[in-house]
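Here is the structure we will look at, set down as structure tokens.
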Amino acid sequence: MRNFKTYIFVITIIAFISCEDNEVIGTSDNGVDISLVKSSISRLDENVDMELSIKAQGSLTVKSLKATDAKDTIKATTSQDLTIADNKATFNSSIFGSLTTKKDDIVTIDATLSNGELYKKEYTVSFENPISITSSLSNIKYKSSLKDSLKFKTSTHSAKIESLVLQWKKGKKGTYQDDANFSSLNIEKDTIYFQNFDNTTNGYGLGIKDTLYYRLIAKSGELADSLEISIPIITQPYSTSGEGEIGTATKINKFNLNTGSSLPDFSTVAEIKMDDKGAVTKDEYSVTTVSGGITTKEEVTDISFVEIADISSSSLSYVYTTKEKLLEANDALVSKELFEANTSKASITLVSVGQLFGYKVTRKKTVTEDKKEDKVTTTIKYGLILVTSVDVETNSAGSTTLFGFSYGEGEVK
């Protein structure tokens with residue numbers, strides 16, 4: 001008899017817990033689950049059907065169904081009574097009103113089940129821009145021969161996009177205008193390419209430090225949505241820059257421009273050297289390493305210099321008005337223009353603070369492996385050297401001069 005009472009007590013507890021669980025609204029514990037098939041639509045989808053999927057256990061069915069905009073109970077269209085067919089139902093997105101400025105909204109689904117129970121569930125619906133960037137462009141490198149691209153696509157739930165317009169402007173304070181260069185964009189997806197971009201490209205008149213603004217406008221009936229993109233125009237930057245020292249004394253009369261190292265006369269890894277008169281020429285840099293049967297030889301095949309008296313010889317001089325600003329800008333492109341605008345020579349002579357020199361260095365790397373063709377990589381970089389200090393030291397043995405300089409170099413592609 002004692003065992004029987006214990007059994008009845010356990011059953012009573014289980015029944016109590018089960019009863020409590022049935023009172024939880026919005027779960028499938030009552031044998032029904034109603035789910036929103038797609039929880040995001042575009043802001044152009046102001047009048048489209050959104051599907052609900054209905055799953056019920058056994059003979060249980062959903063007798064009635066209603067969708068309500070949970071965030072706005074004032075609108076006349078805030079609720080919709082839904083028709084159920086084939087375990088599906090739809091409500092219209094017009095329940096949310098205008099989507100122009102909305103990021104999301106909440107729809108409440110209320111159902112009455114065949115067993116008389118009530119079912120309630122809420123879904124957050126997000127409203128997305130119908131235009132998206134599939135391949136972005138962080139900047140446009142001025143006069144670069146490398147091809148860059150900006151890719152975009154459009155997507156809606158079911159609204160039809162009838163046109164896609166591209167507008168452009170110069171800088172944040174500019175005024176948008178239709179871009180005649182891209183008047184026939186593919187509405188579903190398209191690509192804008194950038195190569196050898198300069199101040200004449202597409203009639204934009206943009207240069208280094210300017211910013212190109214694009215605005216894509218998608219239209220569907222009387223509705224429209226847009227996406228703005230800003231792309232700064234930058235120079236082709238240095239890969240190496242810094243401060244250095246080189247002098248007439250043999251303890252510091254060499255320098256490696258690639259590593260930024262001051263070196264003594266006996267060094268074999270220097271790229272330039274200075275004689276006792278302050279003249280700088282190419283040094284015989286050549287380094288060979290062997291590892292795992294692979295031989296790698298690195299060498300400087302050529303360095304030539306120019307003396308730059310007038311920085312206005314570059315078409316980009318309007319951007320950098322002083323020699324100091326030229327170095328601070330880390331601009332390989334302007335370094336190349338200044339080099340090509342002057343007569344190159346094999347040596348330069350450092351004399352005083354403020355002297356500005358340009359240089360072109362050619363480095364070659366050869367990788368040799370048994371039974372394979374040599375892999376040769378040649379890199380050409382353009383740089384600037386600005387003399388920043390001159391210190392003369394005199395002793396019983398004579399005098400030596402130490403020059404401090406700022407420099408930088410980079411590859412123009």
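Identifiers for the structure tokens are assigned positionally: chains receive A, B, ... in sequence, residues are indexed from 1 per chain, and ligands are indexed from 1 in the order shown.
All residues of protein, DNA or RNA that reach within 10 Å of Arg215 (chain A), judged by only C-alpha atoms and not counting those fewer than 3 positions away in the chain, are Val165, Leu166, Gln167, Trp168, Lys169, Tyr176, Gln177, Asp178, Asp179, Ala218, Ser226, Leu227, Glu228, Ile229 and Ser230 of chain A.
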Convert the current residue selection to file output with N, CA and C atoms, as an mmCIF file, in the first residue's frame.
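Resulting contents of result_27.cif:
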```cif
data_model
loop_
_atom_site.group_PDB
_atom_site.id
_atom_site.type_symbol
_atom_site.label_atom_id
_atom_site.label_comp_id
_atom_site.auth_asym_id
_atom_site.auth_seq_id
_atom_site.Cartn_x
_atom_site.Cartn_y
_atom_site.Cartn_z
ATOM 1 N N VAL A 165 20.363 53.733 -61.153
ATOM 2 C CA VAL A 165 21.060 54.942 -61.611
ATOM 3 C C VAL A 165 22.304 55.159 -60.760
ATOM 4 N N LEU A 166 23.409 55.519 -61.415
ATOM 5 C CA LEU A 166 24.643 55.851 -60.707
ATOM 6 C C LEU A 166 24.885 57.351 -60.784
ATOM 7 N N GLN A 167 25.112 57.957 -59.624
ATOM 8 C CA GLN A 167 25.475 59.371 -59.553
ATOM 9 C C GLN A 167 26.848 59.492 -58.898
ATOM 10 N N TRP A 168 27.519 60.618 -59.145
ATOM 11 C CA TRP A 168 28.839 60.842 -58.562
ATOM 12 C C TRP A 168 28.975 62.290 -58.106
ATOM 13 N N LYS A 169 29.924 62.507 -57.208
ATOM 14 C CA LYS A 169 30.271 63.871 -56.820
ATOM 15 C C LYS A 169 31.711 63.892 -56.314
ATOM 16 N N TYR A 176 25.717 65.866 -56.173
ATOM 17 C CA TYR A 176 25.548 64.671 -56.993
ATOM 18 C C TYR A 176 24.985 65.000 -58.367
ATOM 19 N N GLN A 177 25.491 64.280 -59.361
ATOM 20 C CA GLN A 177 24.970 64.374 -60.716
ATOM 21 C C GLN A 177 25.018 62.993 -61.361
ATOM 22 N N ASP A 178 24.113 62.743 -62.289
ATOM 23 C CA ASP A 178 24.098 61.457 -62.978
ATOM 24 C C ASP A 178 25.421 61.218 -63.687
ATOM 25 N N ASP A 179 25.921 59.996 -63.612
ATOM 26 C CA ASP A 179 27.186 59.650 -64.246
ATOM 27 C C ASP A 179 26.919 59.109 -65.647
ATOM 28 N N ALA A 218 18.180 52.682 -56.656
ATOM 29 C CA ALA A 218 17.308 51.648 -57.208
ATOM 30 C C ALA A 218 15.862 52.110 -57.094
ATOM 31 N N SER A 226 18.678 53.996 -51.913
ATOM 32 C CA SER A 226 19.998 54.332 -52.431
ATOM 33 C C SER A 226 21.105 53.827 -51.513
ATOM 34 N N LEU A 227 22.294 53.743 -52.075
ATOM 35 C CA LEU A 227 23.492 53.347 -51.335
ATOM 36 C C LEU A 227 24.622 54.289 -51.721
ATOM 37 N N GLU A 228 25.285 54.864 -50.725
ATOM 38 C CA GLU A 228 26.399 55.790 -50.981
ATOM 39 C C GLU A 228 27.720 55.101 -50.672
ATOM 40 N N ILE A 229 28.696 55.322 -51.555
ATOM 41 C CA ILE A 229 30.039 54.761 -51.389
ATOM 42 C C ILE A 229 31.040 55.901 -51.529
ATOM 43 N N SER A 230 32.011 55.967 -50.641
ATOM 44 C CA SER A 230 33.081 56.957 -50.763
ATOM 45 C C SER A 230 34.412 56.241 -50.945
#
```
If DSSP is run on the backbone, what residues of region 103-285 of chain A are helix (DSSP H, G or I)? A reply as JSON, numbers by chain would be ideal.
{"A": [180, 181, 182, 201, 202, 203, 250, 251, 252]}
Export of the given selection (N, CA and C atoms) as a PDB file, in the first residue's frame:
```pdb
ATOM      1  N   ALA A 180      27.218  59.924 -66.650  1.00  0.00           N
ATOM      2  CA  ALA A 180      26.958  59.545 -68.040  1.00  0.00           C
ATOM      3  C   ALA A 180      27.855  58.396 -68.493  1.00  0.00           C
ATOM      4  N   ASN A 181      28.939  58.144 -67.768  1.00  0.00           N
ATOM      5  CA  ASN A 181      29.845  57.051 -68.139  1.00  0.00           C
ATOM      6  C   ASN A 181      29.229  55.683 -67.861  1.00  0.00           C
ATOM      7  N   PHE A 182      28.231  55.656 -66.976  1.00  0.00           N
ATOM      8  CA  PHE A 182      27.610  54.389 -66.602  1.00  0.00           C
ATOM      9  C   PHE A 182      26.089  54.544 -66.632  1.00  0.00           C
ATOM     10  N   THR A 201      40.146  60.992 -65.784  1.00  0.00           N
ATOM     11  CA  THR A 201      39.289  59.803 -65.842  1.00  0.00           C
ATOM     12  C   THR A 201      37.814  60.158 -65.671  1.00  0.00           C
ATOM     13  N   ASN A 202      37.014  59.716 -66.628  1.00  0.00           N
ATOM     14  CA  ASN A 202      35.552  59.896 -66.605  1.00  0.00           C
ATOM     15  C   ASN A 202      35.094  61.344 -66.455  1.00  0.00           C
ATOM     16  N   GLY A 203      36.027  62.281 -66.663  1.00  0.00           N
ATOM     17  CA  GLY A 203      35.665  63.692 -66.530  1.00  0.00           C
ATOM     18  C   GLY A 203      35.453  64.127 -65.090  1.00  0.00           C
ATOM     19  N   THR A 250      85.243  55.985 -42.695  1.00  0.00           N
ATOM     20  CA  THR A 250      85.063  54.606 -43.137  1.00  0.00           C
ATOM     21  C   THR A 250      84.195  53.774 -42.202  1.00  0.00           C
ATOM     22  N   LYS A 251      84.000  54.231 -40.977  1.00  0.00           N
ATOM     23  CA  LYS A 251      83.174  53.461 -40.040  1.00  0.00           C
ATOM     24  C   LYS A 251      81.681  53.559 -40.356  1.00  0.00           C
ATOM     25  N   ILE A 252      81.299  54.509 -41.232  1.00  0.00           N
ATOM     26  CA  ILE A 252      79.872  54.690 -41.532  1.00  0.00           C
ATOM     27  C   ILE A 252      79.667  55.244 -42.944  1.00  0.00           C
TER      28      ILE A 252
END
```
Find the spatial neighbours of region 102-109 of chain A, counting only C-alpha atoms, within a cut-off of 7 Å - ignore same-chain residues fewer than 4 positions away - and output them as a PyMOL selection string.
chain A and resi 66-71+120-127
Would you put the residues from that selection into a file with N, CA, C and O atoms, as a PDB file, in the first residue's frame?
```pdb
ATOM      1  N   LYS A  66      -3.817  35.321 -37.260  1.00  0.00           N
ATOM      2  CA  LYS A  66      -3.799  36.776 -37.419  1.00  0.00           C
ATOM      3  C   LYS A  66      -2.361  37.268 -37.288  1.00  0.00           C
ATOM      4  O   LYS A  66      -1.576  36.758 -36.473  1.00  0.00           O
ATOM      5  N   ALA A  67      -1.983  38.264 -38.111  1.00  0.00           N
ATOM      6  CA  ALA A  67      -0.668  38.910 -38.026  1.00  0.00           C
ATOM      7  C   ALA A  67      -0.868  40.349 -37.597  1.00  0.00           C
ATOM      8  O   ALA A  67      -1.749  41.043 -38.102  1.00  0.00           O
ATOM      9  N   THR A  68      -0.039  40.804 -36.658  1.00  0.00           N
ATOM     10  CA  THR A  68      -0.169  42.162 -36.122  1.00  0.00           C
ATOM     11  C   THR A  68       1.196  42.825 -36.066  1.00  0.00           C
ATOM     12  O   THR A  68       2.194  42.197 -35.688  1.00  0.00           O
ATOM     13  N   ASP A  69       1.246  44.104 -36.426  1.00  0.00           N
ATOM     14  CA  ASP A  69       2.468  44.885 -36.285  1.00  0.00           C
ATOM     15  C   ASP A  69       2.605  45.237 -34.805  1.00  0.00           C
ATOM     16  O   ASP A  69       1.900  46.089 -34.286  1.00  0.00           O
ATOM     17  N   ALA A  70       3.543  44.581 -34.132  1.00  0.00           N
ATOM     18  CA  ALA A  70       3.668  44.742 -32.683  1.00  0.00           C
ATOM     19  C   ALA A  70       4.228  46.101 -32.277  1.00  0.00           C
ATOM     20  O   ALA A  70       4.045  46.539 -31.147  1.00  0.00           O
ATOM     21  N   LYS A  71       4.917  46.783 -33.196  1.00  0.00           N
ATOM     22  CA  LYS A  71       5.514  48.076 -32.854  1.00  0.00           C
ATOM     23  C   LYS A  71       4.571  49.243 -33.080  1.00  0.00           C
ATOM     24  O   LYS A  71       4.798  50.333 -32.598  1.00  0.00           O
ATOM     25  N   LYS A 120       0.846  31.966 -29.702  1.00  0.00           N
ATOM     26  CA  LYS A 120       1.324  33.334 -29.981  1.00  0.00           C
ATOM     27  C   LYS A 120       2.840  33.289 -30.173  1.00  0.00           C
ATOM     28  O   LYS A 120       3.550  32.627 -29.408  1.00  0.00           O
ATOM     29  N   LYS A 121       3.287  33.971 -31.204  1.00  0.00           N
ATOM     30  CA  LYS A 121       4.727  34.007 -31.459  1.00  0.00           C
ATOM     31  C   LYS A 121       5.092  35.323 -32.145  1.00  0.00           C
ATOM     32  O   LYS A 121       4.319  35.835 -32.949  1.00  0.00           O
ATOM     33  N   GLU A 122       6.265  35.856 -31.818  1.00  0.00           N
ATOM     34  CA  GLU A 122       6.732  37.117 -32.413  1.00  0.00           C
ATOM     35  C   GLU A 122       7.965  36.878 -33.268  1.00  0.00           C
ATOM     36  O   GLU A 122       8.826  36.058 -32.920  1.00  0.00           O
ATOM     37  N   TYR A 123       8.033  37.611 -34.373  1.00  0.00           N
ATOM     38  CA  TYR A 123       9.200  37.551 -35.256  1.00  0.00           C
ATOM     39  C   TYR A 123       9.682  38.961 -35.555  1.00  0.00           C
ATOM     40  O   TYR A 123       8.873  39.863 -35.805  1.00  0.00           O
ATOM     41  N   THR A 124      10.990  39.123 -35.539  1.00  0.00           N
ATOM     42  CA  THR A 124      11.589  40.393 -35.970  1.00  0.00           C
ATOM     43  C   THR A 124      11.873  40.311 -37.466  1.00  0.00           C
ATOM     44  O   THR A 124      12.530  39.379 -37.924  1.00  0.00           O
ATOM     45  N   VAL A 125      11.373  41.285 -38.185  1.00  0.00           N
ATOM     46  CA  VAL A 125      11.607  41.359 -39.632  1.00  0.00           C
ATOM     47  C   VAL A 125      12.541  42.537 -39.886  1.00  0.00           C
ATOM     48  O   VAL A 125      12.253  43.663 -39.480  1.00  0.00           O
ATOM     49  N   SER A 126      13.682  42.285 -40.525  1.00  0.00           N
ATOM     50  CA  SER A 126      14.634  43.358 -40.839  1.00  0.00           C
ATOM     51  C   SER A 126      14.417  43.853 -42.260  1.00  0.00           C
ATOM     52  O   SER A 126      14.032  43.091 -43.149  1.00  0.00           O
ATOM     53  N   PHE A 127      14.667  45.137 -42.455  1.00  0.00           N
ATOM     54  CA  PHE A 127      14.475  45.777 -43.750  1.00  0.00           C
ATOM     55  C   PHE A 127      15.845  46.205 -44.281  1.00  0.00           C
ATOM     56  O   PHE A 127      16.503  47.073 -43.691  1.00  0.00           O
TER      57      PHE A 127
END
```
Contact table region 235-308 of chain A vs region 143-149 of chain A, cut-off 12 Å, shortest pair per residue, only C-alpha atoms, as JSON lines:
```
{"residue": "A:Thr235", "atom": "CA", "partner": "A:Lys143", "partner_atom": "CA", "distance": 8.2}
{"residue": "A:Gln236", "atom": "CA", "partner": "A:Ser144", "partner_atom": "CA", "distance": 7.5}
{"residue": "A:Pro237", "atom": "CA", "partner": "A:Ser144", "partner_atom": "CA", "distance": 11.1}
```
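Distances here use only C-alpha atoms; by that measure, the residue among A:Ala85, A:Leu164, A:Leu338, A:Ile294 closest to Asp374 (chain A) is A:Ile294.
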Pairwise distance for CA of Lys172 (chain A) and CA of Lys219 (chain A), rounded to one decimal in Å
23.8 Å
Who sits within 10 Å of Leu52 (chain A), only C-alpha atoms, same chain under 4 positions skipped, as a ChimeraX atom specification
/A:34-38,82,84,87-91,109
Would you list the contacts of Gly292 (chain A) as a list in words, taking every protein, DNA or RNA residue within 12 Å and counting only C-alpha atoms, but skipping same-chain residues closer than 2 positions in sequence?
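What passes the distance filter is Thr289, Val290, Ile294, Thr295, Thr296, Thr368, Glu369 and Asp370 of chain A.
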Restricting the calculation to only C-alpha atoms, which member of A:Lys254, A:Lys55, A:Lys170, A:Lys282 is positioned closest to Ile348 (chain A)?
A:Lys282
With 12 Å as the cut-off and only C-alpha atoms counted, what is the closest atom pair between each nearby residue of region 35-108 of chain A and region 160-163 of chain A? Distances in Å to one decimal, ordered by chain and number, as JSON lines.
```
{"residue": "A:Ser42", "atom": "CA", "partner": "A:Ile161", "partner_atom": "CA", "distance": 10.9}
{"residue": "A:Arg43", "atom": "CA", "partner": "A:Ile161", "partner_atom": "CA", "distance": 11.5}
{"residue": "A:Leu44", "atom": "CA", "partner": "A:Ile161", "partner_atom": "CA", "distance": 8.3}
{"residue": "A:Asp45", "atom": "CA", "partner": "A:Lys160", "partner_atom": "CA", "distance": 8.8}
{"residue": "A:Glu46", "atom": "CA", "partner": "A:Lys160", "partner_atom": "CA", "distance": 11.4}
{"residue": "A:Asn47", "atom": "CA", "partner": "A:Lys160", "partner_atom": "CA", "distance": 11.1}
{"residue": "A:Val48", "atom": "CA", "partner": "A:Lys160", "partner_atom": "CA", "distance": 10.6}
```
